[in-house]
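Working notes, structure below.
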Amino acid sequence: MIEGVNMERIYLDHAATTPMHPLVIEKIVDVLNSTFGNPSSIHSYGREARHLLDGARSALAGSIGAKENEIIFTSGGTEADNMALFGVAESYQEKGKHIITTEAEHHAVLLACNKLEKNGFEVTYLPVDETGRISMEELRAAVREDTILVSIMYGNNEVGTIQPIQEIGQLLKDHQAIFHTDAVQAYGIEKIDVNECFIDLLSVSAHKLNGPKGIGFLYARSTVKLSPRSFGGSQERKRRAGTESIASIAGLKEAVLIASNERSTKRTRFLSFKDALKQRLRDLDVTFEVNGSLEHSLPHVLNLSFPGTSVETMLVNLDLAGIAVSSGSACTAGSIEPSHVLVAMFGNQSERLINSIRFSFGFTTTMEEIISAAEETAKVVSRLKK
């Protein structure tokens with residue numbers, strides 16, 4: 001809360017991070033109080049921790065149609081993405097050094113690809129259209145005999161666009177290329193089956209689905225070879241050394257179970273929030289454009305362009321009004337670095353780069369908050385355009 005100001009704050013930045021669910025907090029505290037053993041120890045304390053670890057692995061595997069031994073615990077989405085890209089590159093470089101990704105990926109993938117290019121790999125960055133989707137024809141044309149990895153995000157964190165994941169998997173299923181998808185923003189919201197979509201590697205982070213920060217997992221199909229990124233103990237079947245964070249893993253499991261049980265209800269609510277926010281803005285004569293796909297989109301992410309405004313000023317004014325939203329832009333002192341996702345969609349001369357705001361919803365969001373946020377946004381837009 002801003003010092004000296006008594007106002008209700010509204011959090012609409014769930015795509016950045018989510019508040020922990022009360023049941024998740026309860027589970028973590030319970031485990032912290034009761035289970036401190038090292039899961040690699042053979043005595044009763046270790047076995048208790050191992051039991052929690054195995055139970056979580058089973059639940060996570062079940063949530064995507066995987067096997068238990070295909071779940072590797074990580075510190076979050078960035079480590080999972082890095083493990084997937086560097087792990088495959090190192091293990092399969094004898095078969096080729098060509099990698100395919102998109103221009104609209106998260107930086108955890110893009111910067112890993114930049115590093116791999118410096119290490120002698122060739123990376124093809126597929127363009128996206130104005131809705132943020134890739135062209136299957138362009139992907140088909142880009143796949144080569146020496147392609148060893150295709151990494152394409154499931155649902156975009158900035159504009160919410162969902163890629164044609166099942167079609168991509170179908171295209172690659174008889175090719176040597178490993179198919180990785182960063183599902184950090186989509187997991188827990190979209191129903192994902194790694195076998196139906198022919199996904200080989202999939203990244204997840206707990207803090208995007210009301211779990212704790214600092215924990216996530218990488219699904220790795222049992223047939224995929226991954227060179228390890230850390231060395232030490234033989235945890236995670238020698239794929240990731242280090243004593244597992246049992247309390248965080250228990251929290252992740254709890255968050256996943258809650259998300260699975262509430263997925264359908266949440267999707268309906270989030271879609272109603274999207275519609276209500278847009279409708280209230282229209283009622284208040286606010287001019288805006290939707291960035292992203294109307295047909296293929298995550299239900300909880302809505303990115304809007306407000307012509308005649310400045311993103312930096314919008315964010316500051318909305319924050320002063322108690323509304324927490326964000327943009328794809330990294331605001332720095334006096335300047336804005338344009339969102340690479342919006343650049344990929346609209347080109348680097350588009351006005352949308354400097355006037356787009358992301359609203360994203362979560363389990364704490366109410367319809368009253370959506371209407372209030374729309375009304376505050378309308379006031380800010382009106383002031384700025386004057």
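Within each chain, counting starts at residue 1; across the structure tokens, chains are named A, B, ... in the order shown, with ligands numbered 1 upward in that order.
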Once DSSP has gone over the backbone, tell me which residues of region 60-109 of chain A are in alpha helix (DSSP H), as a VMD selection string.
chain A and resid 60 to 64 77 to 92 107 to 109
I need the strand (DSSP E or B) residues of region 178-321 of chain A per DSSP on the backbone, written as a list in words.
Ile178, Phe179, His180, Thr181, Asp182, Tyr187, Glu190, Leu201, Leu202, Ser203, Val204, Ser205, Gly216, Phe217, Leu218, Tyr219, Ala220, Glu289, Val290, Asn291, Ser297, Val301, Leu302, Asn303, Leu304 and Ser305 of chain A
Can those selected residues be exported to a file as a PDB file, in the first residue's frame so that it contains N, CA and C atoms?
ATOM      1  N   ILE A 178      13.975 -33.495 -31.144  1.00  0.00           N
ATOM      2  CA  ILE A 178      13.287 -33.528 -29.858  1.00  0.00           C
ATOM      3  C   ILE A 178      12.367 -32.312 -29.784  1.00  0.00           C
ATOM      4  N   PHE A 179      11.134 -32.508 -29.317  1.00  0.00           N
ATOM      5  CA  PHE A 179      10.168 -31.403 -29.224  1.00  0.00           C
ATOM      6  C   PHE A 179      10.023 -30.948 -27.782  1.00  0.00           C
ATOM      7  N   HIS A 180      10.474 -29.706 -27.521  1.00  0.00           N
ATOM      8  CA  HIS A 180      10.349 -29.096 -26.186  1.00  0.00           C
ATOM      9  C   HIS A 180       9.321 -27.972 -26.226  1.00  0.00           C
ATOM     10  N   THR A 181       8.498 -27.885 -25.189  1.00  0.00           N
ATOM     11  CA  THR A 181       7.606 -26.739 -25.058  1.00  0.00           C
ATOM     12  C   THR A 181       7.711 -26.141 -23.665  1.00  0.00           C
ATOM     13  N   ASP A 182       7.854 -24.815 -23.633  1.00  0.00           N
ATOM     14  CA  ASP A 182       7.821 -24.066 -22.379  1.00  0.00           C
ATOM     15  C   ASP A 182       6.344 -23.875 -22.050  1.00  0.00           C
ATOM     16  N   TYR A 187       0.478 -24.410 -18.181  1.00  0.00           N
ATOM     17  CA  TYR A 187       0.249 -25.551 -17.284  1.00  0.00           C
ATOM     18  C   TYR A 187      -0.634 -25.138 -16.103  1.00  0.00           C
ATOM     19  N   GLU A 190      -4.421 -24.970 -19.082  1.00  0.00           N
ATOM     20  CA  GLU A 190      -4.761 -25.809 -20.232  1.00  0.00           C
ATOM     21  C   GLU A 190      -4.620 -27.279 -19.856  1.00  0.00           C
ATOM     22  N   LEU A 201       9.757 -32.877 -24.162  1.00  0.00           N
ATOM     23  CA  LEU A 201      10.247 -32.116 -23.009  1.00  0.00           C
ATOM     24  C   LEU A 201       9.261 -30.988 -22.720  1.00  0.00           C
ATOM     25  N   LEU A 202       8.971 -30.753 -21.433  1.00  0.00           N
ATOM     26  CA  LEU A 202       7.990 -29.724 -21.068  1.00  0.00           C
ATOM     27  C   LEU A 202       8.404 -29.062 -19.761  1.00  0.00           C
ATOM     28  N   SER A 203       8.409 -27.725 -19.748  1.00  0.00           N
ATOM     29  CA  SER A 203       8.858 -26.956 -18.584  1.00  0.00           C
ATOM     30  C   SER A 203       7.687 -26.377 -17.797  1.00  0.00           C
ATOM     31  N   VAL A 204       7.808 -26.428 -16.457  1.00  0.00           N
ATOM     32  CA  VAL A 204       6.747 -25.941 -15.568  1.00  0.00           C
ATOM     33  C   VAL A 204       7.367 -25.195 -14.391  1.00  0.00           C
ATOM     34  N   SER A 205       6.671 -24.153 -13.907  1.00  0.00           N
ATOM     35  CA  SER A 205       7.107 -23.417 -12.723  1.00  0.00           C
ATOM     36  C   SER A 205       5.937 -23.279 -11.750  1.00  0.00           C
ATOM     37  N   GLY A 216      10.007 -26.089  -9.642  1.00  0.00           N
ATOM     38  CA  GLY A 216       9.314 -26.394 -10.891  1.00  0.00           C
ATOM     39  C   GLY A 216       9.742 -27.781 -11.319  1.00  0.00           C
ATOM     40  N   PHE A 217       9.412 -28.135 -12.555  1.00  0.00           N
ATOM     41  CA  PHE A 217       9.901 -29.430 -13.047  1.00  0.00           C
ATOM     42  C   PHE A 217      10.057 -29.413 -14.554  1.00  0.00           C
ATOM     43  N   LEU A 218      10.885 -30.331 -15.009  1.00  0.00           N
ATOM     44  CA  LEU A 218      11.024 -30.596 -16.432  1.00  0.00           C
ATOM     45  C   LEU A 218      10.536 -32.011 -16.671  1.00  0.00           C
ATOM     46  N   TYR A 219       9.539 -32.144 -17.552  1.00  0.00           N
ATOM     47  CA  TYR A 219       9.160 -33.481 -18.008  1.00  0.00           C
ATOM     48  C   TYR A 219      10.121 -33.843 -19.126  1.00  0.00           C
ATOM     49  N   ALA A 220      10.728 -35.030 -19.029  1.00  0.00           N
ATOM     50  CA  ALA A 220      11.635 -35.501 -20.076  1.00  0.00           C
ATOM     51  C   ALA A 220      11.250 -36.931 -20.431  1.00  0.00           C
ATOM     52  N   GLU A 289      -7.161  -1.967 -28.783  1.00  0.00           N
ATOM     53  CA  GLU A 289      -7.013  -3.124 -29.673  1.00  0.00           C
ATOM     54  C   GLU A 289      -6.520  -4.297 -28.838  1.00  0.00           C
ATOM     55  N   VAL A 290      -6.949  -5.499 -29.175  1.00  0.00           N
ATOM     56  CA  VAL A 290      -6.464  -6.701 -28.485  1.00  0.00           C
ATOM     57  C   VAL A 290      -5.203  -7.195 -29.174  1.00  0.00           C
ATOM     58  N   ASN A 291      -4.140  -7.392 -28.396  1.00  0.00           N
ATOM     59  CA  ASN A 291      -2.903  -7.971 -28.920  1.00  0.00           C
ATOM     60  C   ASN A 291      -2.946  -9.471 -28.667  1.00  0.00           C
ATOM     61  N   SER A 297      -6.126 -18.668 -27.347  1.00  0.00           N
ATOM     62  CA  SER A 297      -5.572 -17.816 -26.302  1.00  0.00           C
ATOM     63  C   SER A 297      -5.762 -18.402 -24.913  1.00  0.00           C
ATOM     64  N   VAL A 301      -4.985 -14.313 -19.699  1.00  0.00           N
ATOM     65  CA  VAL A 301      -4.090 -13.242 -20.154  1.00  0.00           C
ATOM     66  C   VAL A 301      -4.795 -12.394 -21.210  1.00  0.00           C
ATOM     67  N   LEU A 302      -4.807 -11.077 -20.972  1.00  0.00           N
ATOM     68  CA  LEU A 302      -5.412 -10.138 -21.921  1.00  0.00           C
ATOM     69  C   LEU A 302      -4.464  -8.962 -22.103  1.00  0.00           C
ATOM     70  N   ASN A 303      -3.937  -8.804 -23.316  1.00  0.00           N
ATOM     71  CA  ASN A 303      -2.992  -7.732 -23.618  1.00  0.00           C
ATOM     72  C   ASN A 303      -3.689  -6.725 -24.525  1.00  0.00           C
ATOM     73  N   LEU A 304      -3.785  -5.469 -24.061  1.00  0.00           N
ATOM     74  CA  LEU A 304      -4.519  -4.444 -24.797  1.00  0.00           C
ATOM     75  C   LEU A 304      -3.628  -3.267 -25.162  1.00  0.00           C
ATOM     76  N   SER A 305      -3.824  -2.764 -26.377  1.00  0.00           N
ATOM     77  CA  SER A 305      -3.128  -1.574 -26.857  1.00  0.00           C
ATOM     78  C   SER A 305      -4.079  -0.386 -26.754  1.00  0.00           C
TER      79      SER A 305
END
Nearest to Val381 (chain A), chosen from A:Ile165, A:Ala344, A:Val311, A:Val325, with only C-alpha atoms counted in the distances:
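Among the listed residues, the smallest separation from Val381 (chain A) belongs to A:Val311.
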Write out as an MDAnalysis selection string the residues lying within 7 Å of Ile189 (chain A), counting only C-alpha atoms and excluding same-chain residues fewer than 3 positions away.
chainID A and resid 186 263 267
